[in-house]
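> Enclosed is the structure file query-v3.csv (CSV, C-alpha atoms).
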```csv
chain,number,residue,atom,x,y,z
A,1,MET,CA,13.4,9.8,-8.7
A,2,ARG,CA,15.7,10.3,-5.8
A,3,GLY,CA,18.7,9.1,-7.7
A,4,ARG,CA,17.1,6.0,-9.1
A,5,ALA,CA,17.3,5.0,-12.7
A,6,ARG,CA,14.5,6.5,-14.8
A,7,PRO,CA,11.7,4.1,-15.8
A,8,VAL,CA,12.0,2.4,-19.1
A,9,PRO,CA,8.9,3.2,-21.4
A,10,ALA,CA,5.1,2.1,-21.4
A,11,ALA,CA,-37.5,-16.7,7.0
A,12,LEU,CA,-39.4,-17.8,8.3
A,13,LEU,CA,-41.3,-18.6,5.3
A,14,ALA,CA,-44.2,-17.8,7.5
A,15,SER,CA,-46.6,-19.0,5.0
A,16,CYS,CA,-47.8,-20.8,8.0
A,17,ALA,CA,-50.6,-22.3,6.0
A,18,VAL,CA,-53.1,-23.5,8.5
A,19,ALA,CA,-54.7,-26.7,7.1
A,20,THR,CA,-58.3,-27.3,8.1
A,21,ALA,CA,-59.2,-31.0,8.3
A,22,GLY,CA,-62.8,-31.9,7.1
A,23,CYS,CA,-64.7,-34.5,9.3
A,24,GLY,CA,-67.0,-36.8,7.2
A,25,SER,CA,-70.0,-38.4,9.1
A,26,GLY,CA,-69.4,-42.1,8.6
A,27,SER,CA,-72.2,-42.9,11.1
A,28,SER,CA,-74.3,-46.1,10.7
A,29,ALA,CA,-76.9,-45.1,13.5
A,30,SER,CA,-80.5,-45.8,12.7
A,31,ALA,CA,-83.0,-43.0,12.2
A,32,ASP,CA,-84.9,-44.1,15.3
A,33,ALA,CA,-82.0,-43.5,17.6
A,34,PRO,CA,-82.1,-40.2,19.5
A,35,PRO,CA,-79.6,-37.7,18.4
A,36,VAL,CA,-76.4,-37.7,20.3
A,37,ALA,CA,-74.9,-34.4,21.2
A,38,ILE,CA,-71.3,-34.2,20.0
A,39,PRO,CA,-69.3,-31.9,22.3
A,40,PRO,CA,-67.2,-29.3,20.5
A,41,VAL,CA,-63.6,-30.2,20.0
A,42,ALA,CA,-61.3,-27.8,21.9
A,43,THR,CA,-58.9,-26.2,19.5
A,44,ALA,CA,-55.5,-25.5,20.9
A,45,GLN,CA,-54.5,-21.9,20.5
A,46,PRO,CA,-51.2,-21.4,18.6
A,47,THR,CA,-48.3,-20.3,20.8
A,48,PRO,CA,-47.1,-16.8,19.6
A,49,LEU,CA,-43.7,-16.9,18.0
A,50,ALA,CA,-41.1,-15.2,20.0
A,51,ALA,CA,-39.3,-12.4,18.3
A,52,PRO,CA,-35.8,-13.6,17.2
A,53,SER,CA,-33.2,-12.3,19.5
A,54,ALA,CA,-30.3,-10.2,18.0
A,55,PRO,CA,-27.1,-12.2,17.7
A,56,ALA,CA,-24.5,-11.2,20.3
A,57,PRO,CA,-21.8,-9.1,18.8
A,58,ASP,CA,-18.5,-10.7,18.3
A,59,PRO,CA,-15.9,-9.5,20.8
A,60,PRO,CA,-13.4,-7.0,19.3
A,61,ARG,CA,-10.4,-8.7,17.9
A,62,ALA,CA,-7.0,-7.2,18.4
A,63,SER,CA,-5.1,-6.9,15.1
A,64,ALA,CA,-2.2,-9.3,15.1
A,65,PRO,CA,1.2,-7.7,14.8
A,66,PRO,CA,3.1,-8.4,11.6
A,67,ARG,CA,5.3,-11.5,11.8
A,68,PRO,CA,8.9,-11.0,10.8
A,69,LEU,CA,10.1,-13.2,8.0
A,70,SER,CA,13.1,-15.5,8.6
A,71,PRO,CA,16.0,-15.7,6.2
A,72,GLY,CA,15.8,-19.5,6.0
A,73,PRO,CA,18.5,-22.1,5.1
A,74,GLY,CA,21.0,-21.0,2.6
A,75,SER,CA,20.4,-17.3,3.2
A,76,LYS,CA,23.4,-15.1,3.9
A,77,PRO,CA,23.9,-11.5,5.0
A,78,VAL,CA,24.3,-8.8,2.3
A,79,GLY,CA,27.4,-6.8,2.8
A,80,LYS,CA,28.4,-6.2,6.4
A,81,PRO,CA,25.8,-6.9,9.1
A,82,GLY,CA,24.8,-3.9,11.0
A,83,ARG,CA,26.2,-1.5,8.4
A,84,TRP,CA,23.2,-0.7,6.2
A,85,ARG,CA,21.4,2.5,5.8
A,86,VAL,CA,17.8,2.0,4.6
A,87,THR,CA,15.7,5.0,3.4
A,88,VAL,CA,12.1,5.0,2.4
A,89,TYR,CA,10.2,6.7,-0.4
A,90,TYR,CA,6.5,7.1,-1.2
A,91,THR,CA,4.0,8.5,-3.6
A,92,LEU,CA,2.5,12.0,-2.9
A,93,VAL,CA,-1.2,12.7,-3.0
A,94,GLU,CA,-2.1,16.1,-4.3
A,95,ARG,CA,-5.1,16.8,-2.0
A,96,PHE,CA,-2.9,16.6,1.1
A,97,HIS,CA,-0.8,19.6,0.0
A,98,GLY,CA,-1.3,23.3,-0.4
A,99,GLY,CA,0.4,26.4,-1.7
A,100,LYS,CA,-0.1,28.6,-4.7
A,101,PRO,CA,-0.9,26.9,-8.0
A,102,LYS,CA,2.2,26.6,-10.1
A,103,ALA,CA,2.3,25.7,-13.8
A,104,VAL,CA,4.4,22.7,-14.9
A,105,ARG,CA,5.8,21.9,-18.3
A,106,GLY,CA,7.2,18.6,-19.5
A,107,CYS,CA,6.2,15.4,-21.4
A,108,THR,CA,2.8,13.9,-21.7
A,109,GLU,CA,4.4,10.5,-21.8
A,110,PHE,CA,7.6,9.0,-20.6
A,111,HIS,CA,9.2,8.5,-24.1
A,112,CYS,CA,10.7,12.0,-24.1
A,113,LYS,CA,13.1,14.2,-22.2
A,114,TRP,CA,12.7,17.8,-21.0
A,115,GLY,CA,9.4,18.4,-22.8
A,116,LYS,CA,7.8,21.8,-23.0
A,117,THR,CA,4.1,20.8,-23.1
A,118,PRO,CA,1.9,22.4,-20.4
A,119,LEU,CA,1.0,19.6,-17.9
A,120,GLY,CA,-1.3,21.7,-15.7
A,121,SER,CA,-1.0,23.7,-12.5
A,122,TYR,CA,-0.5,22.1,-9.1
A,123,PRO,CA,0.0,23.3,-5.5
A,124,GLU,CA,3.5,24.5,-4.9
A,125,ASP,CA,4.1,22.3,-1.9
A,126,PHE,CA,3.0,19.3,-3.9
A,127,ILE,CA,5.4,20.1,-6.7
A,128,LYS,CA,8.3,20.6,-4.3
A,129,ALA,CA,7.7,17.2,-2.6
A,130,VAL,CA,7.3,15.4,-5.9
A,131,LYS,CA,10.8,16.6,-6.8
A,132,VAL,CA,12.1,14.8,-3.7
A,133,GLU,CA,10.0,11.6,-3.9
A,134,GLY,CA,9.7,11.2,-7.6
A,135,SER,CA,6.0,10.8,-8.1
A,136,GLY,CA,2.6,12.2,-7.0
A,137,ARG,CA,-1.0,11.3,-7.8
A,138,ILE,CA,-3.1,14.1,-9.1
A,139,THR,CA,-6.5,14.5,-7.4
A,140,ALA,CA,-8.1,17.6,-9.1
A,141,GLY,CA,-8.4,19.1,-12.6
A,142,PRO,CA,-8.3,17.6,-16.0
A,143,GLN,CA,-5.4,15.2,-15.2
A,144,ARG,CA,-7.2,13.8,-12.1
A,145,GLY,CA,-6.2,10.2,-11.5
A,146,ARG,CA,-2.9,10.4,-13.4
A,147,TYR,CA,0.6,10.8,-11.9
A,148,LEU,CA,3.0,13.8,-12.1
A,149,ASN,CA,6.5,12.4,-12.2
A,150,TRP,CA,10.0,14.0,-11.9
A,151,SER,CA,13.4,12.8,-12.7
A,152,SER,CA,16.6,14.9,-12.6
A,153,SER,CA,17.6,13.3,-15.9
A,154,VAL,CA,14.4,13.9,-17.9
A,155,GLY,CA,12.4,16.5,-16.1
A,156,TRP,CA,8.6,16.4,-15.6
A,157,TRP,CA,6.2,13.9,-17.3
A,158,LEU,CA,2.6,12.6,-16.9
A,159,ASP,CA,1.9,8.9,-16.5
A,160,ASP,CA,-0.9,6.5,-15.7
A,161,THR,CA,1.0,4.9,-12.8
A,162,THR,CA,4.2,5.0,-10.8
A,163,ARG,CA,7.0,3.0,-12.4
A,164,ASP,CA,10.2,1.2,-11.5
A,165,SER,CA,13.2,1.3,-13.7
A,166,ALA,CA,11.8,-1.6,-15.8
A,167,GLY,CA,8.6,0.3,-16.5
A,168,LYS,CA,6.5,-1.7,-14.2
A,169,PRO,CA,4.2,-0.2,-11.5
A,170,LEU,CA,5.8,0.3,-8.1
A,171,ARG,CA,4.7,-2.3,-5.5
A,172,PRO,CA,4.2,-1.0,-1.9
A,173,TRP,CA,6.2,-2.7,0.7
A,174,SER,CA,8.0,-4.7,-2.0
A,175,THR,CA,9.9,-2.5,-4.5
A,176,ALA,CA,13.4,-1.5,-3.5
A,177,ALA,CA,16.5,0.2,-5.0
A,178,ALA,CA,20.1,-0.5,-4.2
A,179,ASP,CA,23.6,-0.2,-5.7
A,180,ARG,CA,24.0,-2.8,-8.4
A,181,ASP,CA,27.4,-3.6,-7.2
A,182,VAL,CA,25.9,-5.2,-4.1
A,183,LEU,CA,22.4,-6.2,-5.1
A,184,ASP,CA,21.6,-6.9,-8.8
A,185,ARG,CA,18.2,-6.0,-10.2
A,186,GLY,CA,15.8,-8.8,-9.3
A,187,SER,CA,17.6,-9.7,-6.1
A,188,LYS,CA,15.4,-10.3,-3.1
A,189,PHE,CA,16.3,-9.4,0.5
A,190,LEU,CA,14.9,-9.2,4.1
A,191,ILE,CA,15.6,-6.6,6.7
A,192,THR,CA,16.5,-8.7,9.8
A,193,GLU,CA,17.7,-5.9,12.1
A,194,CYS,CA,16.7,-2.3,12.1
A,195,GLY,CA,19.3,-0.6,14.1
A,196,LYS,CA,18.6,3.0,15.0
A,197,SER,CA,16.5,5.8,13.4
A,198,GLY,CA,18.0,8.8,11.8
A,199,ALA,CA,17.6,10.6,15.1
A,200,GLY,CA,19.9,8.1,16.7
A,201,ARG,CA,17.1,6.4,18.8
A,202,ARG,CA,16.3,2.7,18.7
A,203,VAL,CA,13.6,1.9,16.1
A,204,LYS,CA,10.4,1.1,17.9
A,205,ALA,CA,9.6,-2.7,17.9
A,206,ALA,CA,6.3,-2.3,16.0
A,207,THR,CA,7.9,-0.2,13.3
A,208,CYS,CA,10.8,-2.6,12.9
A,209,ALA,CA,8.4,-5.6,12.8
A,210,LYS,CA,6.6,-4.0,9.9
A,211,PHE,CA,9.8,-3.6,7.9
A,212,ARG,CA,10.9,-7.1,8.8
A,213,SER,CA,7.6,-8.7,7.7
A,214,HIS,CA,8.1,-8.0,4.0
A,215,GLU,CA,10.3,-9.3,1.3
A,216,TRP,CA,11.9,-6.6,-0.9
A,217,THR,CA,12.8,-6.9,-4.6
A,218,VAL,CA,15.4,-4.7,-6.2
A,219,THR,CA,13.8,-3.3,-9.3
A,220,ASP,CA,15.6,0.1,-9.3
A,221,VAL,CA,19.3,0.9,-9.2
A,222,PHE,CA,21.0,4.0,-8.1
A,223,ARG,CA,22.9,6.2,-10.5
A,224,PRO,CA,26.6,6.3,-9.7
A,225,GLY,CA,27.3,8.6,-6.7
A,226,TRP,CA,23.7,8.4,-5.4
A,227,GLY,CA,23.6,5.1,-3.6
A,228,GLY,CA,26.5,3.4,-1.9
A,229,ASP,CA,27.4,-0.2,-1.2
A,230,HIS,CA,25.4,-0.3,2.1
A,231,HIS,CA,22.3,1.8,1.1
A,232,ALA,CA,18.9,0.5,0.1
A,233,ASP,CA,15.8,2.6,-0.7
A,234,ILE,CA,12.4,0.9,-0.1
A,235,TYR,CA,8.9,2.0,-1.4
A,236,ILE,CA,6.1,2.1,1.2
A,237,GLY,CA,3.2,3.2,-1.1
A,238,GLU,CA,1.0,6.3,-1.1
A,239,GLU,CA,0.9,8.8,1.7
A,240,THR,CA,-2.3,8.3,3.8
A,241,GLY,CA,-2.9,11.9,5.0
A,242,PRO,CA,-1.4,15.3,5.9
A,243,GLY,CA,1.7,15.1,7.9
A,244,PHE,CA,2.6,11.7,6.5
A,245,THR,CA,6.3,12.4,7.0
A,246,LYS,CA,5.7,12.2,10.8
A,247,SER,CA,4.5,8.6,10.3
A,248,PRO,CA,6.7,6.0,12.2
A,249,PHE,CA,7.3,4.4,8.8
A,250,TYR,CA,8.8,7.5,7.2
A,251,THR,CA,12.2,7.0,8.8
A,252,GLU,CA,15.7,5.9,8.1
A,253,LEU,CA,17.3,2.8,9.5
A,254,HIS,CA,20.9,3.1,10.5
A,255,GLY,CA,22.9,0.1,11.3
A,256,ALA,CA,20.4,-2.3,9.7
A,257,THR,CA,21.2,-5.9,8.6
A,258,LEU,CA,20.0,-7.4,5.3
A,259,TYR,CA,19.9,-11.0,4.3
A,260,THR,CA,19.3,-12.5,0.9
A,261,ARG,CA,16.0,-14.5,0.5
```
Show me this structure written as structure tokens.

Amino acid sequence: MRGRARPVPAALLASCAVATAGCGSGSSASADAPPVAIPPVATAQPTPLAAPSAPAPDPPRASAPPRPLSPGPGSKPVGKPGRWRVTVYYTLVERFHGGKPKAVRGCTEFHCKWGKTPLGSYPEDFIKAVKVEGSGRITAGPQRGRYLNWSSSVGWWLDDTTRDSAGKPLRPWSTAAADRDVLDRGSKFLITECGKSGAGRRVKAATCAKFRSHEWTVTDVFRPGWGGDHHADIYIGEETGPGFTKSPFYTELHGATLYTR
């Protein structure tokens, strides 16, 4: 789990009915009177209904960029401004990975450690990446729909969801981990400045706006030696396709600033 604490167990109703009016002869003429020719009544021909025109399509709408959240009154910077390193983690999806099938043994639930039960075989690249990110959704075989999880303190296990250290499902663009000496579990923070990427370049404005438009809650804590007093790790959900690690959101922020919410 990348150095985070292990989860705790768990119409036209066109019935145009044409009504025909009946004309009664209420005449009082005598029988001696010559018959009067009654001219036929001209009947107006109904005007054909015009075919309804198709509605004009709505003009395409440009998606609005995310709006950064403001710290608000009473907020204060966490640690030293411009000193934070923010990393991201995500959930793997098996079908986006290849490699030879490799058998995995572990626990069928998260109440045990270093289990030896066969958990199935999965693509080698998928297994390797799960050991880095901590969790992957299985998309084939008898365990399809479940999650293969890894922690350096307990080994492999199968689960029905991804979990934070309190045993609750991870929440994309919300769950975060940090050193408990700086941010206690349950603390909320905003990223107000992104600094530079891991490659030393300024973080693109659209990318930074995305990170700044969410409130993060610390639900995981680092094990001693894995975090640091200016390091936060944030969860961005499942990968969306092959090559996800080249996504602009799979990055590191160096020199970021965090504020309490």
> Tell me which of A:Ile236, A:Val221, A:Ala103, A:Val154 sits closest to Val182 of chain A, counting all atoms listed in the file.
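Of A:Ile236, A:Val221, A:Ala103, A:Val154, the one nearest Val182 of chain A, counting all atoms listed in the file, is A:Val221.
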> Here's a test: counting all atoms listed in the file, identify every protein, DNA and RNA residue with an atom at most 10 Å from (-4.9, 18.7, -9.1) in the file's coordinate frame, and state them as a list in words.
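Output: Val93, Glu94, Arg95, Pro101, Gly120, Ser121, Tyr122, Pro123, Phe126, Arg137, Ile138, Thr139, Ala140, Gly141, Pro142, Gln143, Arg144, Gly145, Arg146 and Leu148 of chain A.
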> May I have the residues from that selection written out with C-alpha atoms, as a tab-separated table (two decimals), in the frame of the given file?

```
chain	number	residue	atom	x	y	z
A	93	VAL	CA	-1.20	12.70	-3.00
A	94	GLU	CA	-2.10	16.10	-4.30
A	95	ARG	CA	-5.10	16.80	-2.00
A	101	PRO	CA	-0.90	26.90	-8.00
A	120	GLY	CA	-1.30	21.70	-15.70
A	121	SER	CA	-1.00	23.70	-12.50
A	122	TYR	CA	-0.50	22.10	-9.10
A	123	PRO	CA	0.00	23.30	-5.50
A	126	PHE	CA	3.00	19.30	-3.90
A	137	ARG	CA	-1.00	11.30	-7.80
A	138	ILE	CA	-3.10	14.10	-9.10
A	139	THR	CA	-6.50	14.50	-7.40
A	140	ALA	CA	-8.10	17.60	-9.10
A	141	GLY	CA	-8.40	19.10	-12.60
A	142	PRO	CA	-8.30	17.60	-16.00
A	143	GLN	CA	-5.40	15.20	-15.20
A	144	ARG	CA	-7.20	13.80	-12.10
A	145	GLY	CA	-6.20	10.20	-11.50
A	146	ARG	CA	-2.90	10.40	-13.40
A	148	LEU	CA	3.00	13.80	-12.10
```
> Env of segment 242-256 of chain A: 8 Å cut, atoms = all atoms listed in the file, seq-sep filter 4 positions within chain, self excluded. Answer as a PyMOL selection string.
chain A and resi 81-89+96-97+191-198+203+207
> Hey, which of A:His231, A:Lys204, A:His214, A:Lys128 ends up closest to Pro71 of chain A? Count only C-alpha atoms.
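Closest candidate: A:His214.
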> Taking all atoms listed in the file into account, name the residue in A:Gly106, A:Gly237, A:Pro169, A:Pro66 that is nearest to Thr219 of chain A.
A:Pro169
> Just give me the gap between atom CA of Lys168 of chain A and atom CA of Glu215 of chain A in Å, one decimal is fine.
17.7 Å
> Compile the contact shell of Tyr235 of chain A as a ChimeraX atom specification: residues with an atom at most 12 Å away, counting only C-alpha atoms, same-chain residues fewer than 3 positions apart removed.
/A:1-2,4,86-92,133-135,162-164,169-178,211,214-220,232,238-239,249-251
> Restricted to C-alpha atoms, what would the selected residues look like written as a PDB file, in the frame of the given file?

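Contents of again_8.pdb, freshly written:
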```pdb
ATOM      1  CA  MET A   1      13.400   9.800  -8.700  1.00  0.00           C
ATOM      2  CA  ARG A   2      15.700  10.300  -5.800  1.00  0.00           C
ATOM      3  CA  ARG A   4      17.100   6.000  -9.100  1.00  0.00           C
ATOM      4  CA  VAL A  86      17.800   2.000   4.600  1.00  0.00           C
ATOM      5  CA  THR A  87      15.700   5.000   3.400  1.00  0.00           C
ATOM      6  CA  VAL A  88      12.100   5.000   2.400  1.00  0.00           C
ATOM      7  CA  TYR A  89      10.200   6.700  -0.400  1.00  0.00           C
ATOM      8  CA  TYR A  90       6.500   7.100  -1.200  1.00  0.00           C
ATOM      9  CA  THR A  91       4.000   8.500  -3.600  1.00  0.00           C
ATOM     10  CA  LEU A  92       2.500  12.000  -2.900  1.00  0.00           C
ATOM     11  CA  GLU A 133      10.000  11.600  -3.900  1.00  0.00           C
ATOM     12  CA  GLY A 134       9.700  11.200  -7.600  1.00  0.00           C
ATOM     13  CA  SER A 135       6.000  10.800  -8.100  1.00  0.00           C
ATOM     14  CA  THR A 162       4.200   5.000 -10.800  1.00  0.00           C
ATOM     15  CA  ARG A 163       7.000   3.000 -12.400  1.00  0.00           C
ATOM     16  CA  ASP A 164      10.200   1.200 -11.500  1.00  0.00           C
ATOM     17  CA  PRO A 169       4.200  -0.200 -11.500  1.00  0.00           C
ATOM     18  CA  LEU A 170       5.800   0.300  -8.100  1.00  0.00           C
ATOM     19  CA  ARG A 171       4.700  -2.300  -5.500  1.00  0.00           C
ATOM     20  CA  PRO A 172       4.200  -1.000  -1.900  1.00  0.00           C
ATOM     21  CA  TRP A 173       6.200  -2.700   0.700  1.00  0.00           C
ATOM     22  CA  SER A 174       8.000  -4.700  -2.000  1.00  0.00           C
ATOM     23  CA  THR A 175       9.900  -2.500  -4.500  1.00  0.00           C
ATOM     24  CA  ALA A 176      13.400  -1.500  -3.500  1.00  0.00           C
ATOM     25  CA  ALA A 177      16.500   0.200  -5.000  1.00  0.00           C
ATOM     26  CA  ALA A 178      20.100  -0.500  -4.200  1.00  0.00           C
ATOM     27  CA  PHE A 211       9.800  -3.600   7.900  1.00  0.00           C
ATOM     28  CA  HIS A 214       8.100  -8.000   4.000  1.00  0.00           C
ATOM     29  CA  GLU A 215      10.300  -9.300   1.300  1.00  0.00           C
ATOM     30  CA  TRP A 216      11.900  -6.600  -0.900  1.00  0.00           C
ATOM     31  CA  THR A 217      12.800  -6.900  -4.600  1.00  0.00           C
ATOM     32  CA  VAL A 218      15.400  -4.700  -6.200  1.00  0.00           C
ATOM     33  CA  THR A 219      13.800  -3.300  -9.300  1.00  0.00           C
ATOM     34  CA  ASP A 220      15.600   0.100  -9.300  1.00  0.00           C
ATOM     35  CA  ALA A 232      18.900   0.500   0.100  1.00  0.00           C
ATOM     36  CA  GLU A 238       1.000   6.300  -1.100  1.00  0.00           C
ATOM     37  CA  GLU A 239       0.900   8.800   1.700  1.00  0.00           C
ATOM     38  CA  PHE A 249       7.300   4.400   8.800  1.00  0.00           C
ATOM     39  CA  TYR A 250       8.800   7.500   7.200  1.00  0.00           C
ATOM     40  CA  THR A 251      12.200   7.000   8.800  1.00  0.00           C
TER      41      THR A 251
END
```
> May I have the protein, DNA and RNA residues with any atom at most 6 Å from the point (4.1, 15.3, -15.5), counting only C-alpha atoms, written as a ChimeraX atom specification?
/A:119,148-149,156-158
> Mind giving me the straight-line distance from atom CA of Ala166 of chain A to atom CA of Asp179 of chain A in Å, one decimal?
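Straight-line distance from atom CA of Ala166 of chain A to atom CA of Asp179 of chain A works out to 15.6 Å.
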> Considering only C-alpha atoms, state which residue in the set A:Gly155, A:Gly241, A:Pro73, A:Gly200 is at the smallest distance from Arg105 of chain A.
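Under the stated criterion, the closest residue is A:Gly155.
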> Nearest residue to Thr161 of chain A out of A:Val78, A:Phe110, A:Glu124, A:Ala206, using all atoms listed in the file?
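Of A:Val78, A:Phe110, A:Glu124, A:Ala206, the one nearest Thr161 of chain A, counting all atoms listed in the file, is A:Phe110.
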> Identify which of the residues A:Ser153, A:Gly186, A:Ser75, A:Pro68 lies closest to Cys112 of chain A, counting all atoms listed in the file when measuring atom-to-atom distances.
A:Ser153
> Could you check how far atom CA of Ser70 of chain A sits from atom CA of Thr257 of chain A, in Å to one decimal?
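Those two atoms sit 12.6 Å apart.
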> Give me the residues within 8 Å of Arg67 of chain A as a PyMOL selection string, counting only C-alpha atoms and dropping any in the same chain fewer than 2 places off.
chain A and resi 65+69+209-210+212-213
